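One file, start30.csv, is given below (CSV, C-alpha atoms and all ligand atoms).
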chain,number,residue,atom,x,y,z
A,1,MET,CA,19.5,-3.2,32.9
A,2,SER,CA,22.4,-5.5,32.8
A,3,ASP,CA,25.2,-5.0,30.2
A,4,SER,CA,23.7,-7.6,27.9
A,5,TYR,CA,21.4,-4.8,26.8
A,6,SER,CA,23.9,-1.9,26.5
A,7,TRP,CA,24.3,-2.5,22.8
A,8,ILE,CA,20.8,-1.1,22.3
A,9,ASP,CA,22.0,2.4,23.6
A,10,GLU,CA,25.0,2.1,21.2
A,11,ALA,CA,22.7,1.2,18.3
A,12,LEU,CA,20.5,4.1,19.1
A,13,ASP,CA,23.5,6.4,19.2
A,14,ALA,CA,24.6,5.1,15.8
A,15,ILE,CA,21.1,5.8,14.4
A,16,HIS,CA,21.3,9.4,15.7
A,17,ARG,CA,24.8,9.9,14.4
A,18,ALA,CA,23.7,8.7,10.9
A,19,ASN,CA,20.8,11.2,11.1
A,20,TRP,CA,18.4,8.2,10.6
A,21,TYR,CA,16.5,8.7,13.9
A,22,ARG,CA,12.7,8.9,13.5
A,23,SER,CA,9.8,9.2,15.9
A,24,PRO,CA,6.0,9.1,15.3
A,25,LYS,CA,4.2,12.4,14.7
A,26,LEU,CA,1.1,13.1,16.8
A,27,LEU,CA,-1.9,13.8,14.6
A,28,THR,CA,-5.2,14.8,16.2
A,29,GLY,CA,-8.8,15.1,15.0
A,30,ARG,CA,-10.7,12.9,12.6
A,31,ALA,CA,-8.8,11.5,9.6
A,32,GLY,CA,-9.1,13.9,6.7
A,33,ALA,CA,-7.5,16.4,4.4
A,34,ILE,CA,-7.1,18.8,7.3
A,35,MET,CA,-5.8,17.6,10.6
A,36,GLN,CA,-3.8,18.9,13.6
A,37,LEU,CA,-0.1,18.0,13.7
A,38,ASN,CA,1.4,18.7,17.2
A,39,GLY,CA,-1.5,21.1,17.8
A,40,GLN,CA,-1.0,23.0,14.5
A,41,LEU,CA,-3.8,22.9,11.8
A,42,VAL,CA,-2.3,21.5,8.6
A,43,ILE,CA,-3.4,20.4,5.1
A,44,ASN,CA,-2.6,16.8,5.0
A,45,PHE,CA,-0.5,15.7,2.0
A,46,ALA,CA,1.0,12.7,3.8
A,47,SER,CA,-1.9,10.3,4.0
A,48,ASN,CA,-2.8,7.0,2.2
A,49,ASP,CA,-6.5,7.8,2.7
A,50,TYR,CA,-6.8,8.6,-1.1
A,51,LEU,CA,-10.6,8.6,-1.2
A,52,GLY,CA,-11.0,10.3,2.1
A,53,LEU,CA,-13.0,7.3,3.5
A,54,ALA,CA,-11.2,6.9,6.9
A,55,GLY,CA,-13.2,9.8,8.3
A,56,ASP,CA,-16.4,9.0,6.3
A,57,GLU,CA,-19.5,8.9,8.4
A,58,ARG,CA,-20.8,5.8,6.6
A,59,LEU,CA,-17.7,3.8,7.6
A,60,ILE,CA,-17.8,5.1,11.1
A,61,GLN,CA,-21.4,4.1,11.5
A,62,ALA,CA,-20.7,0.6,10.1
A,63,ALA,CA,-17.9,0.2,12.6
A,64,ILE,CA,-20.1,1.3,15.5
A,65,ALA,CA,-22.9,-1.0,14.5
A,66,ALA,CA,-20.5,-4.0,14.2
A,67,THR,CA,-18.9,-3.3,17.6
A,68,LYS,CA,-22.4,-3.2,19.2
A,69,GLU,CA,-23.4,-6.4,17.6
A,70,TYR,CA,-20.2,-8.4,18.0
A,71,GLY,CA,-18.1,-6.6,20.6
A,72,THR,CA,-14.6,-5.1,20.3
A,73,GLY,CA,-12.5,-8.1,19.6
A,74,SER,CA,-13.0,-11.2,17.5
A,75,THR,CA,-11.5,-13.2,20.5
A,76,GLY,CA,-9.5,-15.8,18.7
A,77,SER,CA,-8.0,-17.0,15.5
A,78,ARG,CA,-10.4,-17.5,12.5
A,79,LEU,CA,-10.1,-21.3,12.8
A,80,ILE,CA,-11.0,-21.4,16.5
A,81,THR,CA,-13.4,-18.6,17.8
A,82,GLY,CA,-12.5,-15.5,15.6
A,83,HIS,CA,-14.7,-16.2,12.5
A,84,ARG,CA,-17.9,-14.2,12.0
A,85,GLN,CA,-20.3,-13.9,9.0
A,86,LEU,CA,-18.9,-10.3,8.7
A,87,HIS,CA,-15.4,-11.7,7.7
A,88,ARG,CA,-16.9,-13.9,5.1
A,89,ASP,CA,-19.1,-11.0,3.7
A,90,LEU,CA,-15.9,-8.9,3.4
A,91,GLU,CA,-14.0,-11.7,1.7
A,92,GLN,CA,-16.8,-12.2,-0.8
A,93,ALA,CA,-17.1,-8.4,-1.4
A,94,ILE,CA,-13.3,-8.3,-2.1
A,95,ALA,CA,-13.6,-11.2,-4.6
A,96,HIS,CA,-16.5,-9.4,-6.3
A,97,LEU,CA,-14.5,-6.2,-6.5
A,98,LYS,CA,-11.5,-8.1,-7.8
A,99,GLN,CA,-13.5,-10.4,-10.0
A,100,THR,CA,-11.7,-13.4,-8.6
A,101,GLU,CA,-13.1,-16.7,-7.3
A,102,ASP,CA,-12.4,-16.0,-3.7
A,103,ALA,CA,-10.5,-13.9,-1.2
A,104,ILE,CA,-9.1,-14.1,2.4
A,105,VAL,CA,-8.6,-11.3,4.8
A,106,PHE,CA,-5.5,-11.0,7.1
A,107,SER,CA,-5.0,-8.6,10.1
A,108,SER,CA,-2.8,-6.4,7.9
A,109,GLY,CA,-1.3,-6.1,4.5
A,110,TYR,CA,2.1,-6.7,5.9
A,111,LEU,CA,0.9,-10.0,7.4
A,112,ALA,CA,-0.9,-11.0,4.2
A,113,ASN,CA,2.4,-10.6,2.3
A,114,LEU,CA,4.5,-12.5,4.9
A,115,GLY,CA,2.1,-15.4,5.3
A,116,THR,CA,1.3,-15.8,1.6
A,117,ILE,CA,4.8,-15.7,0.2
A,118,ALA,CA,6.1,-18.1,2.9
A,119,ALA,CA,3.3,-20.5,2.2
A,120,LEU,CA,3.8,-20.5,-1.6
A,121,VAL,CA,7.6,-21.0,-1.8
A,122,GLY,CA,10.3,-22.7,0.2
A,123,LYS,CA,14.0,-23.7,0.2
A,124,ARG,CA,13.9,-25.3,-3.2
A,125,ASP,CA,12.3,-22.3,-4.9
A,126,LEU,CA,13.2,-19.0,-6.5
A,127,VAL,CA,11.8,-15.5,-5.8
A,128,LEU,CA,12.3,-12.5,-8.0
A,129,SER,CA,11.6,-9.2,-6.4
A,130,ASP,CA,11.7,-5.6,-7.7
A,131,GLN,CA,14.4,-3.7,-5.9
A,132,TYR,CA,11.9,-1.1,-4.8
A,133,ASN,CA,9.2,-3.5,-3.5
A,134,HIS,CA,7.7,-2.9,-0.1
A,135,SER,CA,9.5,-4.3,2.9
A,136,SER,CA,6.7,-6.9,3.5
A,137,LEU,CA,7.3,-8.5,0.1
A,138,ARG,CA,11.1,-8.7,0.7
A,139,ASN,CA,10.6,-10.0,4.2
A,140,GLY,CA,8.1,-12.6,3.1
A,141,ALA,CA,10.6,-13.9,0.6
A,142,ILE,CA,13.3,-14.0,3.3
A,143,LEU,CA,11.0,-15.8,5.7
A,144,SER,CA,10.2,-18.4,3.0
A,145,GLY,CA,13.8,-19.5,2.8
A,146,ALA,CA,13.7,-19.4,-1.0
A,147,THR,CA,16.6,-18.1,-3.1
A,148,LEU,CA,15.9,-14.3,-3.4
A,149,ARG,CA,17.0,-12.3,-6.4
A,150,ASP,CA,16.3,-8.6,-6.7
A,151,TYR,CA,15.8,-7.3,-10.2
A,152,ALA,CA,16.3,-3.7,-11.3
A,153,HIS,CA,13.3,-1.5,-10.8
A,154,CYS,CA,10.5,-2.3,-13.4
A,155,ASN,CA,13.2,-3.8,-15.7
A,156,VAL,CA,11.5,-6.6,-17.6
A,157,GLU,CA,14.8,-7.5,-19.4
A,158,ASN,CA,16.5,-8.0,-16.1
A,159,VAL,CA,13.7,-10.3,-15.0
A,160,ARG,CA,14.1,-12.3,-18.2
A,161,GLU,CA,17.9,-12.6,-17.7
A,162,ILE,CA,17.5,-14.0,-14.2
A,163,LEU,CA,14.8,-16.4,-15.2
A,164,GLN,CA,16.9,-17.6,-18.1
A,165,HIS,CA,19.8,-18.3,-15.9
A,166,GLN,CA,18.1,-19.6,-12.7
A,167,ARG,CA,14.6,-20.8,-13.4
A,168,ASP,CA,15.6,-24.4,-14.3
A,169,ARG,CA,17.6,-24.9,-11.1
A,170,HIS,CA,14.5,-24.4,-8.9
A,171,ARG,CA,11.3,-26.2,-8.3
A,172,ARG,CA,8.8,-23.2,-8.2
A,173,CYS,CA,9.3,-19.6,-9.0
A,174,LEU,CA,7.4,-16.6,-7.7
A,175,ILE,CA,7.8,-13.0,-9.1
A,176,LEU,CA,6.9,-10.3,-6.7
A,177,THR,CA,6.0,-6.7,-7.5
A,178,ASP,CA,4.2,-3.7,-6.1
A,179,SER,CA,1.6,-2.4,-8.6
A,180,ILE,CA,2.0,1.2,-7.5
A,181,PHE,CA,5.4,1.7,-5.9
A,182,SER,CA,4.8,3.2,-2.5
A,183,MET,CA,7.8,5.5,-2.3
A,184,ASP,CA,7.9,6.4,-6.0
A,185,GLY,CA,4.4,6.4,-7.3
A,186,ASP,CA,5.1,4.7,-10.6
A,187,LEU,CA,3.4,1.6,-11.9
A,188,CYS,CA,4.8,-1.9,-12.6
A,189,PRO,CA,4.9,-3.4,-16.1
A,190,LEU,CA,2.2,-5.9,-15.2
A,191,PRO,CA,1.3,-7.4,-18.6
A,192,GLN,CA,5.0,-7.9,-19.5
A,193,LEU,CA,5.6,-9.6,-16.1
A,194,LEU,CA,2.6,-11.8,-16.7
A,195,ASP,CA,4.0,-12.8,-20.1
A,196,LEU,CA,7.3,-13.7,-18.5
A,197,ALA,CA,5.6,-15.6,-15.7
A,198,ASN,CA,3.7,-17.6,-18.3
A,199,GLU,CA,6.8,-18.3,-20.4
A,200,PHE,CA,8.9,-19.4,-17.5
A,201,ASP,CA,6.3,-21.4,-15.6
A,202,SER,CA,6.3,-19.0,-12.7
A,203,MET,CA,3.7,-17.4,-10.4
A,204,LEU,CA,3.2,-13.7,-10.2
A,205,LEU,CA,2.1,-11.9,-7.0
A,206,VAL,CA,1.2,-8.2,-7.3
A,207,ASP,CA,0.7,-6.0,-4.2
A,208,GLU,CA,-2.2,-3.7,-4.9
A,209,ALA,CA,-1.9,-1.8,-1.6
A,210,HIS,CA,-1.9,1.7,-3.2
A,211,ALA,CA,-4.0,0.8,-6.3
A,212,THR,CA,-7.1,-0.7,-4.6
A,213,GLY,CA,-9.9,1.8,-4.9
A,214,VAL,CA,-7.7,4.1,-7.0
A,215,LEU,CA,-6.8,2.4,-10.3
A,216,GLY,CA,-9.1,0.7,-12.9
A,217,ALA,CA,-12.5,1.7,-14.3
A,218,THR,CA,-14.3,0.4,-11.2
A,219,GLY,CA,-11.5,1.0,-8.7
A,220,SER,CA,-10.5,-2.7,-8.5
A,221,GLY,CA,-6.8,-1.9,-9.0
A,222,SER,CA,-3.9,-2.2,-11.5
A,223,VAL,CA,-5.0,-5.7,-12.7
A,224,GLU,CA,-8.2,-4.1,-13.9
A,225,HIS,CA,-6.4,-1.1,-15.2
A,226,PHE,CA,-4.2,-3.3,-17.4
A,227,GLY,CA,-7.2,-5.4,-18.5
A,228,CYS,CA,-5.6,-8.5,-16.9
A,229,THR,CA,-8.5,-9.6,-14.7
A,230,ALA,CA,-8.9,-13.0,-16.4
A,231,ARG,CA,-5.2,-13.9,-16.2
A,232,PRO,CA,-3.6,-16.0,-13.4
A,233,ILE,CA,-2.3,-13.6,-10.8
A,234,ILE,CA,-2.1,-13.6,-7.0
A,235,GLN,CA,-3.4,-10.2,-5.8
A,236,ILE,CA,-2.6,-8.9,-2.4
A,237,GLY,CA,-3.7,-5.6,-0.9
A,238,THR,CA,-4.5,-3.7,2.1
A,239,LEU,CA,-7.8,-2.4,3.6
A,240,SER,CA,-5.9,0.4,5.3
A,241,LYS,CA,-5.3,2.9,2.4
A,242,ALA,CA,-8.1,4.0,0.0
A,243,LEU,CA,-10.5,1.6,1.9
A,244,GLY,CA,-10.0,3.6,5.1
A,245,SER,CA,-9.8,0.7,7.6
A,246,LEU,CA,-7.2,-1.8,8.7
A,247,GLY,CA,-6.3,-5.3,7.4
A,248,GLY,CA,-5.0,-7.0,4.3
A,249,TYR,CA,-6.3,-9.4,1.7
A,250,VAL,CA,-5.4,-11.9,-0.9
A,251,ALA,CA,-7.7,-12.4,-3.9
A,252,GLY,CA,-7.3,-15.3,-6.4
A,253,SER,CA,-8.5,-18.7,-7.4
A,254,ALA,CA,-10.6,-20.8,-4.9
A,255,PRO,CA,-7.9,-23.5,-4.5
A,256,LEU,CA,-5.3,-20.7,-3.7
A,257,ILE,CA,-7.4,-19.2,-1.0
A,258,ASP,CA,-8.3,-22.6,0.4
A,259,PHE,CA,-4.6,-23.5,0.5
A,260,LEU,CA,-3.8,-20.2,2.3
A,261,ARG,CA,-6.4,-21.0,5.0
A,262,ASN,CA,-4.4,-24.2,5.6
A,263,ARG,CA,-0.9,-23.0,5.2
A,264,ALA,CA,-0.5,-19.2,5.8
A,265,THR,CA,0.8,-19.1,9.4
A,266,SER,CA,0.2,-15.3,9.7
A,267,TRP,CA,-3.5,-16.0,9.1
A,268,ILE,CA,-3.9,-19.3,11.0
A,269,TYR,CA,-2.1,-18.3,14.2
A,270,THR,CA,-3.4,-14.7,14.7
A,271,THR,CA,-6.6,-13.2,16.0
A,272,GLY,CA,-9.2,-12.5,13.3
A,273,LEU,CA,-9.7,-8.9,12.2
A,274,SER,CA,-11.8,-6.9,14.7
A,275,PRO,CA,-15.5,-6.5,13.9
A,276,ALA,CA,-15.1,-2.7,13.6
A,277,ASP,CA,-12.3,-2.9,11.1
A,278,THR,CA,-14.1,-5.6,9.1
A,279,ALA,CA,-17.3,-3.7,8.9
A,280,ALA,CA,-15.6,-0.4,8.0
A,281,ALA,CA,-13.7,-2.1,5.1
A,282,LEU,CA,-16.9,-3.9,4.0
A,283,ALA,CA,-18.7,-0.6,3.9
A,284,ALA,CA,-15.9,1.0,1.8
A,285,ILE,CA,-15.9,-1.9,-0.7
A,286,ARG,CA,-19.7,-1.8,-0.9
A,287,LEU,CA,-19.5,1.9,-1.8
A,288,ILE,CA,-17.0,1.1,-4.5
A,289,VAL,CA,-18.7,-2.0,-5.9
A,290,GLN,CA,-22.2,-0.4,-5.8
A,291,ASP,CA,-20.9,2.0,-8.5
A,292,ARG,CA,-20.2,-0.9,-10.9
A,293,ASP,CA,-23.5,-2.5,-10.3
A,294,SER,CA,-25.7,0.7,-10.3
A,295,PRO,CA,-23.6,3.5,-11.8
A,296,LYS,CA,-25.5,6.4,-10.2
A,297,ASP,CA,-24.3,5.7,-6.7
A,298,GLY,CA,-21.0,4.8,-5.2
A,299,LEU,CA,-17.6,6.3,-5.5
A,300,THR,CA,-17.0,7.1,-9.2
A,301,ASN,CA,-17.3,10.7,-8.4
A,302,ARG,CA,-14.8,10.5,-5.5
A,303,ARG,CA,-12.3,8.5,-7.7
A,304,GLU,CA,-12.9,10.9,-10.5
A,305,THR,CA,-12.2,13.8,-8.2
A,306,LEU,CA,-9.1,12.1,-6.9
A,307,TRP,CA,-7.7,11.8,-10.5
A,308,GLN,CA,-8.8,15.4,-11.3
A,309,ASN,CA,-6.9,16.6,-8.3
A,310,VAL,CA,-3.8,14.5,-9.2
A,311,ASN,CA,-3.9,15.7,-12.8
A,312,TRP,CA,-4.4,19.3,-11.8
A,313,PHE,CA,-1.4,19.1,-9.5
A,314,LYS,CA,0.8,17.5,-12.2
A,315,GLN,CA,-0.2,20.1,-14.8
A,316,ASN,CA,0.3,23.1,-12.4
A,317,PHE,CA,3.4,22.1,-10.6
A,318,SER,CA,6.4,22.0,-12.9
A,319,ASP,CA,9.8,23.0,-11.6
A,320,PRO,CA,12.9,21.9,-13.4
A,321,LEU,CA,14.8,22.0,-10.1
A,322,SER,CA,12.5,19.6,-8.3
A,323,ALA,CA,13.4,16.3,-10.2
A,324,GLN,CA,9.9,14.9,-10.1
A,325,LEU,CA,10.0,11.1,-10.3
A,326,PRO,CA,7.7,9.5,-12.9
A,327,SER,CA,4.3,9.0,-11.3
A,328,HIS,CA,1.1,7.2,-12.4
A,329,SER,CA,-0.7,7.6,-9.1
A,330,PRO,CA,-1.7,10.0,-6.3
A,331,ILE,CA,1.8,9.6,-5.0
A,332,ILE,CA,4.1,12.2,-6.3
A,333,CYS,CA,7.8,12.5,-5.3
A,334,LEU,CA,10.1,15.4,-5.7
A,335,GLN,CA,13.8,14.4,-5.4
A,336,VAL,CA,16.1,16.6,-3.4
A,337,ASP,CA,19.8,16.1,-3.4
A,338,ARG,CA,20.7,16.0,0.3
A,339,PRO,CA,18.8,14.4,3.3
A,340,PHE,CA,19.4,17.5,5.4
A,341,THR,CA,18.0,19.8,2.7
A,342,VAL,CA,14.8,17.7,2.3
A,343,LEU,CA,14.2,17.8,6.1
A,344,GLN,CA,14.6,21.6,6.0
A,345,MET,CA,12.1,21.8,3.1
A,346,GLY,CA,9.6,19.6,4.9
A,347,ASN,CA,9.9,21.9,7.9
A,348,THR,CA,9.4,25.1,5.8
A,349,LEU,CA,6.3,23.6,4.3
A,350,LEU,CA,5.0,22.7,7.7
A,351,GLN,CA,5.5,26.3,9.0
A,352,GLN,CA,3.2,27.2,6.1
A,353,GLY,CA,0.6,24.7,7.3
A,354,LEU,CA,1.4,22.0,4.7
A,355,PHE,CA,2.2,18.5,5.9
A,356,VAL,CA,4.5,17.0,3.2
A,357,PRO,CA,6.7,14.3,4.6
A,358,ALA,CA,10.5,14.2,3.8
A,359,ILE,CA,11.6,10.7,3.1
A,360,ARG,CA,15.3,9.8,3.4
A,361,PRO,CA,17.7,6.9,3.0
A,362,PRO,CA,17.6,4.1,4.2
A,363,THR,CA,13.9,4.0,3.5
A,364,VAL,CA,14.5,5.2,-0.1
A,365,PRO,CA,17.7,5.4,-2.2
A,366,THR,CA,17.4,9.2,-2.7
A,367,SER,CA,15.9,11.9,-0.5
A,368,ARG,CA,12.5,13.2,-1.5
A,369,LEU,CA,9.4,15.1,-0.6
A,370,ARG,CA,6.5,12.6,-0.9
A,371,ILE,CA,3.2,14.2,-1.7
A,372,THR,CA,0.0,12.2,-1.6
A,373,ILE,CA,-3.2,13.7,-3.1
A,374,MET,CA,-6.6,12.9,-1.8
A,375,ALA,CA,-10.1,13.2,-3.4
A,376,THR,CA,-11.1,15.4,-0.5
A,377,HIS,CA,-8.4,18.1,-1.1
A,378,GLN,CA,-10.1,21.4,-2.1
A,379,PRO,CA,-8.8,23.3,-5.1
A,380,THR,CA,-7.6,26.1,-2.9
A,381,GLN,CA,-5.5,23.6,-0.8
A,382,LEU,CA,-3.9,22.3,-4.0
A,383,GLU,CA,-3.2,25.8,-5.2
A,384,GLN,CA,-1.6,26.6,-1.8
A,385,LEU,CA,0.7,23.6,-2.2
A,386,VAL,CA,1.7,24.4,-5.7
A,387,GLU,CA,2.5,28.0,-4.8
A,388,SER,CA,4.6,27.1,-1.8
A,389,LEU,CA,6.5,24.4,-3.7
A,390,HIS,CA,7.3,26.9,-6.5
A,391,LYS,CA,8.7,29.3,-3.9
A,392,LEU,CA,10.6,26.6,-2.1
A,393,PHE,CA,12.3,25.2,-5.2
A,394,SER,CA,13.1,28.6,-6.7
A,395,SER,CA,14.9,29.6,-3.4
A,396,GLN,CA,17.2,26.6,-3.4
B,401,LIG,N1,2.4,-3.2,0.7
B,401,LIG,C1,2.7,-1.9,0.4
B,401,LIG,C2,3.1,-1.6,-1.0
B,401,LIG,C3,2.5,-0.9,1.3
B,401,LIG,O1,2.8,0.4,1.0
B,401,LIG,C4,2.1,-1.2,2.6
B,401,LIG,C5,1.9,-0.2,3.7
B,401,LIG,N2,2.8,0.8,3.8
B,401,LIG,C6,1.8,-2.6,2.9
B,401,LIG,C7,2.0,-3.5,1.9
B,401,LIG,C8,1.4,-3.0,4.3
B,401,LIG,O2,0.1,-2.8,4.5
B,401,LIG,P1,-0.6,-2.6,5.9
B,401,LIG,O3,-0.3,-1.2,6.3
B,401,LIG,O4,-2.0,-3.0,5.8
B,401,LIG,O5,0.2,-3.6,6.8
Give the structure from the file, written as structure tokens.
Ligand code: PMP
Amino acid sequence: MSDSYSWIDEALDAIHRANWYRSPKLLTGRAGAIMQLNGQLVINFASNDYLGLAGDERLIQAAIAATKEYGTGSTGSRLITGHRQLHRDLEQAIAHLKQTEDAIVFSSGYLANLGTIAALVGKRDLVLSDQYNHSSLRNGAILSGATLRDYAHCNVENVREILQHQRDRHRRCLILTDSIFSMDGDLCPLPQLLDLANEFDSMLLVDEAHATGVLGATGSGSVEHFGCTARPIIQIGTLSKALGSLGGYVAGSAPLIDFLRNRATSWIYTTGLSPADTAAALAAIRLIVQDRDSPKDGLTNRRETLWQNVNWFKQNFSDPLSAQLPSHSPIICLQVDRPFTVLQMGNTLLQQGLFVPAIRPPTVPTSRLRITIMATHQPTQLEQLVESLHKLFSSQ
């Protein structure tokens, strides 16, 4: 290639030199608590498939049936040829789960955040974003052209200070927060943020990516967990974690959803979700909702087992050297001083058949082992993890 592209080699070299180079890991076999990583059988403590639904036969059958009925692709954008009854069924099921007036599905959670934020605010507006928010929230704010102010992680006082100083200078204001923070596992102060949004005439958008199917009495998410279902919140989430499929959603008032259908460019100008993904997500939500409507079926047991597993791990793993970050979720992070050490620790666990990813800067401010617990982990698998971690930290 001509010299105009040589900077790419230099940039790659710089990434290598900084020890920031990453490459995808090859996992084989059906999604689940046990998989093969580069040919080695491992217990999977790295997945977002919290309820173990991505490999569930009922979702697989739903995806196959939808593919046979509709074909593999939805063939166009939702406003042209890509809209099926299946999409609407999924949107109504999400609204039912979330107890909102309506919902809209995007092709991914990332696109839901980009398109929604950029539709809600623009140059004359202010966005407040938690410093640890997911990249899709930050990039949505940047795309919108609004003034972006990061606030200290979960720090309600800092939000108040920024609002006091800056709210009046802007037309609209949008506060953005993850509900469960993806790289820390802690939970946002949702009721306090809602109070501030109300006091300062602002909108609040909460990203329920890691909370959907996990938190709340019926698995609806953090809004249900905090008893805030009736309050004005824009809820965003993904179909790709506990729901075991692919896609994103926004749930909220009917006018909000109608507005997004007309203004969210990452929804309008992209192909509708594939029939297989739509049907799998719908099957997952039906399993979760079924439980609320007829308590003997559904996923209460799976969600209960997930939380039993999480609590068992937290009670049984305690190592003063591990600097465990506060966690209110199946995401549990153990801080490790140096990026190189965390990589070595991840490799040692892998040699013992435990897949626990090492996450380093720049993805996160401090290096850590990030453990995710699933409902389908067996007690012996959790015991093995705890034993290995104790040995690993005591040898540091
Ligand atoms: N928000 C958060 C908090 C996430 O963790 C993720 C996925 N890592 C997303 C949004 C993006 O969702 P998706 O994978 O569906 O694009």
Could you list the protein, DNA and RNA residues that have any atom within 10 Å of ligand LIG 401 (chain B), counting only C-alpha atoms and all ligand atoms, and write them as a PyMOL selection string? chain A and resi 48+106-114+132-137+177-183+206-211+236-241+245-249
Can I get the selection written as a PDB file, keeping the file's coordinate frame, with C-alpha atoms?
ATOM      1  CA  ASN A  48      -2.800   7.000   2.200  1.00  0.00           C
ATOM      2  CA  PHE A 106      -5.500 -11.000   7.100  1.00  0.00           C
ATOM      3  CA  SER A 107      -5.000  -8.600  10.100  1.00  0.00           C
ATOM      4  CA  SER A 108      -2.800  -6.400   7.900  1.00  0.00           C
ATOM      5  CA  GLY A 109      -1.300  -6.100   4.500  1.00  0.00           C
ATOM      6  CA  TYR A 110       2.100  -6.700   5.900  1.00  0.00           C
ATOM      7  CA  LEU A 111       0.900 -10.000   7.400  1.00  0.00           C
ATOM      8  CA  ALA A 112      -0.900 -11.000   4.200  1.00  0.00           C
ATOM      9  CA  ASN A 113       2.400 -10.600   2.300  1.00  0.00           C
ATOM     10  CA  LEU A 114       4.500 -12.500   4.900  1.00  0.00           C
ATOM     11  CA  TYR A 132      11.900  -1.100  -4.800  1.00  0.00           C
ATOM     12  CA  ASN A 133       9.200  -3.500  -3.500  1.00  0.00           C
ATOM     13  CA  HIS A 134       7.700  -2.900  -0.100  1.00  0.00           C
ATOM     14  CA  SER A 135       9.500  -4.300   2.900  1.00  0.00           C
ATOM     15  CA  SER A 136       6.700  -6.900   3.500  1.00  0.00           C
ATOM     16  CA  LEU A 137       7.300  -8.500   0.100  1.00  0.00           C
ATOM     17  CA  THR A 177       6.000  -6.700  -7.500  1.00  0.00           C
ATOM     18  CA  ASP A 178       4.200  -3.700  -6.100  1.00  0.00           C
ATOM     19  CA  SER A 179       1.600  -2.400  -8.600  1.00  0.00           C
ATOM     20  CA  ILE A 180       2.000   1.200  -7.500  1.00  0.00           C
ATOM     21  CA  PHE A 181       5.400   1.700  -5.900  1.00  0.00           C
ATOM     22  CA  SER A 182       4.800   3.200  -2.500  1.00  0.00           C
ATOM     23  CA  MET A 183       7.800   5.500  -2.300  1.00  0.00           C
ATOM     24  CA  VAL A 206       1.200  -8.200  -7.300  1.00  0.00           C
ATOM     25  CA  ASP A 207       0.700  -6.000  -4.200  1.00  0.00           C
ATOM     26  CA  GLU A 208      -2.200  -3.700  -4.900  1.00  0.00           C
ATOM     27  CA  ALA A 209      -1.900  -1.800  -1.600  1.00  0.00           C
ATOM     28  CA  HIS A 210      -1.900   1.700  -3.200  1.00  0.00           C
ATOM     29  CA  ALA A 211      -4.000   0.800  -6.300  1.00  0.00           C
ATOM     30  CA  ILE A 236      -2.600  -8.900  -2.400  1.00  0.00           C
ATOM     31  CA  GLY A 237      -3.700  -5.600  -0.900  1.00  0.00           C
ATOM     32  CA  THR A 238      -4.500  -3.700   2.100  1.00  0.00           C
ATOM     33  CA  LEU A 239      -7.800  -2.400   3.600  1.00  0.00           C
ATOM     34  CA  SER A 240      -5.900   0.400   5.300  1.00  0.00           C
ATOM     35  CA  LYS A 241      -5.300   2.900   2.400  1.00  0.00           C
ATOM     36  CA  SER A 245      -9.800   0.700   7.600  1.00  0.00           C
ATOM     37  CA  LEU A 246      -7.200  -1.800   8.700  1.00  0.00           C
ATOM     38  CA  GLY A 247      -6.300  -5.300   7.400  1.00  0.00           C
ATOM     39  CA  GLY A 248      -5.000  -7.000   4.300  1.00  0.00           C
ATOM     40  CA  TYR A 249      -6.300  -9.400   1.700  1.00  0.00           C
TER      41      TYR A 249
END
Residue list as a list in words for point (-9.7, 14.7, 6.5), cut-off 8 Å, all atoms listed in the file: Arg30, Ala31, Gly32, Ala33, Ile34, Met35, Asn44, Gly52, Ala54, Gly55 and Thr376 of chain A
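Rounded to one decimal, atom CA of Gly71 of chain A and atom CA of Gly29 of chain A lie 24.3 Å from each other.
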Sorted by chain and rising residue number, list the residues of segment 103-153 of chain A at most 10 Å from segment 84-94 of chain A (counting all atoms listed in the file), each with its closest atom pair and distance in Å to one decimal, as JSON lines.
{"residue": "A:Ala103", "atom": "CA", "partner": "A:Glu91", "partner_atom": "CA", "distance": 5.0}
{"residue": "A:Ile104", "atom": "CA", "partner": "A:Glu91", "partner_atom": "CA", "distance": 5.5}
{"residue": "A:Val105", "atom": "CA", "partner": "A:Glu91", "partner_atom": "CA", "distance": 6.2}
{"residue": "A:Phe106", "atom": "CA", "partner": "A:His87", "partner_atom": "CA", "distance": 9.9}
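Between atom CA of Gln352 of chain A and atom CA of Leu27 of chain A the interatomic distance comes to 16.7 Å.
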